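Asks: The following file, target_13.csv, comprises CSV, C-alpha atoms:
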```csv
chain,number,residue,atom,x,y,z
E,1278,MET,CA,-3.2,15.6,25.2
E,1279,PRO,CA,-3.8,12.6,22.8
E,1280,LYS,CA,-5.3,9.6,24.5
E,1281,VAL,CA,-3.6,6.2,24.3
E,1282,THR,CA,-6.8,4.8,22.6
E,1283,ASP,CA,-6.4,7.3,19.8
E,1284,TYR,CA,-3.2,5.5,18.8
E,1285,PHE,CA,-5.1,2.2,18.5
E,1286,ASN,CA,-8.4,3.5,17.0
E,1287,LYS,CA,-7.4,6.2,14.6
E,1288,PRO,CA,-6.3,4.9,11.2
E,1289,LEU,CA,-2.8,5.4,9.9
E,1290,ASN,CA,-2.2,9.0,8.8
E,1291,LEU,CA,-1.8,9.0,5.0
E,1292,LEU,CA,-0.9,11.6,2.5
E,1293,PRO,CA,-3.7,13.1,0.3
E,1294,ASN,CA,-4.6,11.2,-2.9
E,1295,TYR,CA,-2.8,13.7,-5.2
E,1296,PHE,CA,0.5,12.5,-3.8
E,1297,LYS,CA,0.1,9.5,-6.0
E,1298,LYS,CA,0.6,11.8,-9.0
E,1299,ILE,CA,3.5,13.5,-7.3
E,1300,GLY,CA,5.0,10.1,-6.6
E,1301,LEU,CA,4.6,9.1,-10.2
E,1302,GLY,CA,6.2,12.3,-11.2
E,1303,PHE,CA,9.2,11.5,-9.0
E,1304,ILE,CA,9.5,8.1,-10.6
E,1305,LEU,CA,9.4,9.5,-14.1
E,1306,ALA,CA,11.8,12.2,-13.2
E,1307,SER,CA,14.3,9.6,-11.9
E,1308,VAL,CA,14.0,7.6,-15.1
E,1309,VAL,CA,14.3,10.7,-17.3
E,1310,PHE,CA,17.3,11.8,-15.2
E,1311,VAL,CA,19.2,8.5,-15.8
E,1312,VAL,CA,18.3,8.2,-19.4
E,1313,SER,CA,19.3,11.8,-20.2
E,1314,VAL,CA,22.7,11.4,-18.4
E,1315,LYS,CA,23.2,8.2,-20.5
E,1316,ILE,CA,22.1,9.7,-23.8
E,1317,SER,CA,24.1,12.9,-23.3
E,1318,GLY,CA,27.3,10.8,-23.2
E,1319,ILE,CA,28.9,13.1,-20.6
E,1320,HIS,CA,32.0,11.6,-19.2
E,1321,LEU,CA,31.6,11.3,-15.5
E,1322,THR,CA,34.2,10.5,-12.8
E,1323,VAL,CA,33.5,7.5,-10.6
E,1324,GLU,CA,32.6,9.9,-7.8
E,1325,LYS,CA,30.1,11.7,-9.9
E,1326,LYS,CA,28.6,8.4,-11.2
E,1327,GLU,CA,28.1,7.3,-7.6
E,1328,MET,CA,26.4,10.6,-6.8
E,1329,MET,CA,24.1,10.3,-9.8
E,1330,LYS,CA,23.2,6.8,-8.7
E,1331,THR,CA,22.4,8.0,-5.3
E,1332,ILE,CA,20.2,10.8,-6.6
E,1333,PHE,CA,18.4,8.4,-9.0
E,1334,TRP,CA,17.6,5.9,-6.3
E,1335,ASP,CA,16.6,8.5,-3.7
E,1336,ILE,CA,14.1,10.2,-6.1
E,1337,LEU,CA,12.8,6.8,-7.2
E,1338,ILE,CA,12.3,5.5,-3.7
E,1339,ILE,CA,10.7,8.8,-2.5
E,1340,GLY,CA,8.3,8.5,-5.4
E,1341,MET,CA,7.4,5.0,-4.5
E,1342,LEU,CA,6.9,5.9,-0.9
E,1343,PHE,CA,4.5,8.7,-1.9
E,1344,ILE,CA,2.4,6.3,-3.9
E,1345,ALA,CA,2.4,3.7,-1.1
E,1346,PHE,CA,1.4,6.1,1.6
E,1347,SER,CA,-1.2,8.2,-0.1
E,1348,LYS,CA,-4.9,7.7,0.2
E,1349,GLU,CA,-6.9,5.8,-2.4
E,1350,LYS,CA,-9.8,7.6,-4.0
E,1351,ASP,CA,-12.0,4.9,-2.4
E,1352,GLU,CA,-10.0,4.7,0.8
E,1353,ASP,CA,-11.8,2.8,3.6
E,1354,GLU,CA,-11.2,0.3,6.3
E,1355,LEU,CA,-10.7,-2.6,3.8
E,1356,THR,CA,-8.0,-0.7,1.8
E,1357,MET,CA,-6.3,0.1,5.1
E,1358,LEU,CA,-6.4,-3.6,6.1
E,1359,ILE,CA,-5.0,-4.6,2.7
E,1360,ARG,CA,-2.2,-1.9,3.1
E,1361,MET,CA,-1.2,-3.2,6.5
E,1362,LYS,CA,-1.1,-6.8,5.2
E,1363,ALA,CA,1.0,-5.8,2.2
E,1364,LEU,CA,3.4,-3.8,4.5
E,1365,ALA,CA,3.8,-6.8,6.8
E,1366,SER,CA,4.4,-9.2,3.8
E,1367,ALA,CA,6.9,-6.7,2.3
E,1368,PHE,CA,8.8,-6.7,5.6
E,1369,VAL,CA,8.9,-10.5,5.8
E,1370,TYR,CA,9.8,-10.8,2.1
E,1371,ILE,CA,12.8,-8.5,2.4
E,1372,VAL,CA,14.1,-10.3,5.6
E,1373,ILE,CA,13.8,-13.7,3.8
E,1374,PHE,CA,15.3,-12.3,0.6
E,1375,LYS,CA,18.3,-11.0,2.6
E,1376,ILE,CA,18.9,-14.3,4.3
E,1377,VAL,CA,18.4,-16.4,1.1
E,1378,SER,CA,20.7,-14.0,-1.0
E,1379,ASP,CA,23.4,-14.2,1.7
E,1380,VAL,CA,23.2,-18.0,1.8
E,1381,PHE,CA,23.2,-18.4,-2.0
E,1382,GLY,CA,25.8,-15.7,-2.5
E,1383,ILE,CA,23.8,-13.7,-5.0
E,1384,ILE,CA,24.3,-10.5,-2.9
E,1385,ASP,CA,26.9,-9.1,-5.3
E,1386,HIS,CA,24.3,-8.6,-8.0
E,1387,GLU,CA,24.4,-4.9,-9.0
E,1388,LEU,CA,20.7,-4.3,-8.1
E,1389,ILE,CA,21.0,-5.6,-4.6
E,1390,GLU,CA,24.5,-4.5,-3.7
E,1391,ASN,CA,23.3,-1.7,-1.4
E,1392,MET,CA,20.3,-0.6,0.6
E,1393,ASN,CA,18.6,1.0,-2.4
E,1394,GLY,CA,18.2,-2.4,-4.0
E,1395,TYR,CA,16.5,-3.8,-0.9
E,1396,PHE,CA,14.2,-0.8,-0.6
E,1397,PHE,CA,13.3,-1.1,-4.2
E,1398,GLN,CA,12.5,-4.8,-4.0
E,1399,MET,CA,10.6,-4.2,-0.7
E,1400,MET,CA,8.5,-1.5,-2.4
E,1401,MET,CA,7.9,-3.6,-5.5
E,1402,TRP,CA,6.7,-6.5,-3.3
E,1403,TYR,CA,4.5,-4.2,-1.4
E,1404,PHE,CA,2.9,-2.9,-4.6
E,1405,PHE,CA,2.4,-6.4,-6.0
E,1406,VAL,CA,0.6,-7.6,-2.8
E,1407,TYR,CA,-1.3,-4.4,-2.3
E,1408,TYR,CA,-2.7,-4.0,-5.8
E,1409,SER,CA,-3.3,-7.8,-6.2
E,1410,ALA,CA,-5.4,-7.9,-3.0
E,1411,LYS,CA,-7.2,-4.7,-4.0
E,1412,LEU,CA,-8.2,-6.3,-7.3
E,1413,LEU,CA,-9.4,-9.4,-5.5
E,1414,ARG,CA,-11.4,-7.7,-2.8
Q,846,MET,CA,-34.8,-2.0,1.6
Q,847,ASN,CA,-34.3,-1.8,-2.2
Q,848,ILE,CA,-30.9,-0.3,-2.5
Q,849,THR,CA,-27.8,-0.7,-4.7
Q,850,GLN,CA,-24.4,-1.6,-3.4
Q,851,GLN,CA,-23.1,1.8,-4.4
Q,852,GLU,CA,-25.9,3.6,-2.6
Q,853,LEU,CA,-25.3,1.5,0.5
Q,854,ALA,CA,-21.6,2.1,0.3
Q,855,ASP,CA,-22.2,5.9,0.0
Q,856,LYS,CA,-24.5,5.9,3.0
Q,857,VAL,CA,-22.0,4.2,5.3
Q,858,GLY,CA,-18.9,5.8,3.8
Q,859,VAL,CA,-17.0,2.9,2.3
Q,860,SER,CA,-16.4,1.7,-1.3
Q,861,ARG,CA,-18.8,-0.5,-3.3
Q,862,GLN,CA,-16.1,-3.2,-3.4
Q,863,THR,CA,-16.1,-3.3,0.4
Q,864,ILE,CA,-19.9,-3.8,0.5
Q,865,ASN,CA,-19.5,-6.5,-2.2
Q,866,SER,CA,-16.7,-8.2,-0.1
Q,867,ILE,CA,-18.9,-8.2,3.0
Q,868,GLU,CA,-21.9,-9.7,1.1
Q,869,SER,CA,-19.7,-12.4,-0.4
Q,870,ASN,CA,-18.3,-13.3,3.0
Q,871,ARG,CA,-14.8,-12.3,2.0
Q,872,TYR,CA,-14.5,-9.5,4.5
Q,873,ILE,CA,-15.7,-9.2,8.1
Q,874,PRO,CA,-16.5,-5.5,8.8
Q,875,SER,CA,-15.2,-3.5,11.8
Q,876,THR,CA,-17.6,-3.0,14.7
Q,877,THR,CA,-18.1,0.6,13.6
Q,878,LEU,CA,-19.1,-0.4,10.1
Q,879,ALA,CA,-21.4,-3.2,11.4
Q,880,ILE,CA,-23.2,-0.8,13.7
Q,881,LYS,CA,-23.6,1.8,10.9
Q,882,LEU,CA,-25.1,-1.0,8.7
Q,883,SER,CA,-27.4,-2.1,11.5
Q,884,ASN,CA,-28.6,1.5,12.1
Q,885,LEU,CA,-29.3,1.9,8.5
Q,886,PHE,CA,-31.3,-1.3,8.2
Q,887,ASP,CA,-32.9,-0.7,11.6
Q,888,LYS,CA,-31.9,-4.1,12.8
Q,889,THR,CA,-29.5,-5.4,15.4
Q,890,VAL,CA,-26.0,-6.4,14.4
Q,891,ASN,CA,-26.8,-10.0,15.3
Q,892,GLU,CA,-29.7,-10.0,12.9
Q,893,ILE,CA,-27.4,-9.0,10.0
Q,894,PHE,CA,-24.2,-10.9,10.9
Q,895,GLU,CA,-23.7,-14.3,12.5
Q,896,LEU,CA,-20.7,-16.3,13.6
Q,897,GLU,CA,-19.4,-19.0,11.3
Q,898,GLU,CA,-18.4,-22.4,12.6
Q,899,TRP,CA,-14.8,-21.6,12.7
Q,900,ASP,CA,-15.2,-18.2,14.5
```
Could you render the structure from this file as structure tokens?

Replies:
Amino acid sequence: MPKVTDYFNKPLNLLPNYFKKIGLGFILASVVFVVSVKISGIHLTVEKKEMMKTIFWDILIIGMLFIAFSKEKDEDELTMLIRMKALASAFVYIVIFKIVSDVFGIIDHELIENMNGYFFQMMMWYFFVYYSAKLLR
Amino acid sequence: MNITQQELADKVGVSRQTINSIESNRYIPSTTLAIKLSNLFDKTVNEIFELEEWD
């Protein structure tokens, strides 16, 4: 039976480093998917368009999640600390962004009209903070 | 001990950047890492690290 102290002392379980490449593959696949649908000029019903959008966002966000939660090649306690701080800042960022966008009425912008936009922004903020701090360490 | 940052990093299982950050006072290591360093240099933790005014 796992001890309570294991929860505090063991580092966060992360995916192996090769998931960064898989994540990048997902992101590229989502972009290729959208571009190829656009280029092909296939006429899509509104329903199908929505389905395509959902597929695009889901693949993109899963790819970003894989990159965010996979080990670095030089993973150690400092990279874990940077990751935790970047996650916390991404959480605060998205809450503030939601409130500010509600107050200023910019919520109907296409990118942020649904949860995908929020997830995307949160991930982008996370990557910005994480890789900036990693460069500055 | 004449040792490079990379060699020290390899010995205690962290990255060279982490050793550099500790040396430059940008990062305070965990107790585990501090003890690993003290064992390696055969010194007590207090001989290697000291509290700053604001700690």

Asks: Determine which residues of chain Q sit within 6 Å of chain E, taking into account all atoms listed in the file, and present them as a list of chain:residue names.

Replies: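 Every residue of chain Q that passes the 6 Å test is in Q:Val859, Q:Ser860, Q:Ser866.
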
Asks: Please indicate the distance in Å from atom CA of Asp900 of chain Q to atom CA of Ser869 of chain Q, rounded to one decimal place.

Replies: 16.6 Å

Asks: For Leu896 of chain Q, work out the shell of residues within 12 Å, counting all atoms listed in the file and skipping chain neighbours fewer than 6 positions away, then give it as an MDAnalysis selection string.

Replies: chainID Q and resid 870 873 890

Asks: Out of Q:Ser875, Q:Asn865, Q:Lys856, Q:Leu885, which residue has the shortest atom-to-atom distance to Met1357 of chain E when counting all atoms listed in the file?

Replies: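 With all atoms listed in the file as the atom set, the closest residue is Q:Ser875.
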
Asks: Grab the atom CA of Phe1404 of chain E to atom CA of Tyr1295 of chain E distance for me, in Å with one decimal place.

Replies: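 The value is 17.6 Å.
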
Asks: Got a sec: who's within 12 Å of Leu853 of chain Q, counting all atoms listed in the file, leaving out chain neighbours fewer than 5 positions off, as a PyMOL selection string?

Replies: chain Q and resi 846-848+858-865+867-868+878+881-883+885-886

Asks: In Å to one decimal, how far is atom CA of Tyr1403 of chain E from atom CA of Ile1299 of chain E?

Replies: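 These two atoms are separated by 18.7 Å.
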
Asks: Some atoms are missing, so please complete segment 1281-1296 of chain E with N, CA and C atoms and return it as a compact mmCIF listing (two decimals), keeping the file's coordinate frame.

Replies:
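The result, stored in part-v3.txt:
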```
# COMPACT_ATOMS: atom_id res chain seq x y z
N VAL E 1281 -4.28 7.40 24.75
CA VAL E 1281 -3.60 6.20 24.30
C VAL E 1281 -4.56 5.48 23.26
N THR E 1282 -5.86 5.52 23.53
CA THR E 1282 -6.80 4.80 22.60
C THR E 1282 -6.81 5.41 21.24
N ASP E 1283 -6.45 6.70 21.12
CA ASP E 1283 -6.40 7.30 19.80
C ASP E 1283 -5.37 6.57 18.91
N TYR E 1284 -4.29 6.14 19.54
CA TYR E 1284 -3.20 5.50 18.80
C TYR E 1284 -3.78 4.15 18.19
N PHE E 1285 -4.61 3.46 18.95
CA PHE E 1285 -5.10 2.20 18.50
C PHE E 1285 -6.32 2.36 17.52
N ASN E 1286 -7.12 3.34 17.78
CA ASN E 1286 -8.40 3.50 17.00
C ASN E 1286 -8.34 4.34 15.80
N LYS E 1287 -7.42 5.30 15.79
CA LYS E 1287 -7.40 6.20 14.60
C LYS E 1287 -6.60 5.46 13.50
N PRO E 1288 -7.08 5.56 12.25
CA PRO E 1288 -6.30 4.90 11.20
C PRO E 1288 -4.99 5.59 10.94
N LEU E 1289 -4.13 4.89 10.25
CA LEU E 1289 -2.80 5.40 9.90
C LEU E 1289 -2.94 6.73 9.15
N ASN E 1290 -2.14 7.72 9.52
CA ASN E 1290 -2.20 9.00 8.80
C ASN E 1290 -1.56 8.79 7.41
N LEU E 1291 -2.32 9.12 6.39
CA LEU E 1291 -1.80 9.00 5.00
C LEU E 1291 -1.77 10.31 4.33
N LEU E 1292 -0.98 10.38 3.27
CA LEU E 1292 -0.90 11.60 2.50
C LEU E 1292 -2.17 11.73 1.62
N PRO E 1293 -2.51 12.95 1.20
CA PRO E 1293 -3.70 13.10 0.30
C PRO E 1293 -3.48 12.33 -1.01
N ASN E 1294 -4.59 12.04 -1.66
CA ASN E 1294 -4.60 11.20 -2.90
C ASN E 1294 -3.66 11.80 -3.99
N TYR E 1295 -3.58 13.16 -4.06
CA TYR E 1295 -2.80 13.70 -5.20
C TYR E 1295 -1.28 13.43 -5.04
N PHE E 1296 -0.86 12.89 -3.90
CA PHE E 1296 0.50 12.50 -3.80
C PHE E 1296 0.88 11.29 -4.64
```
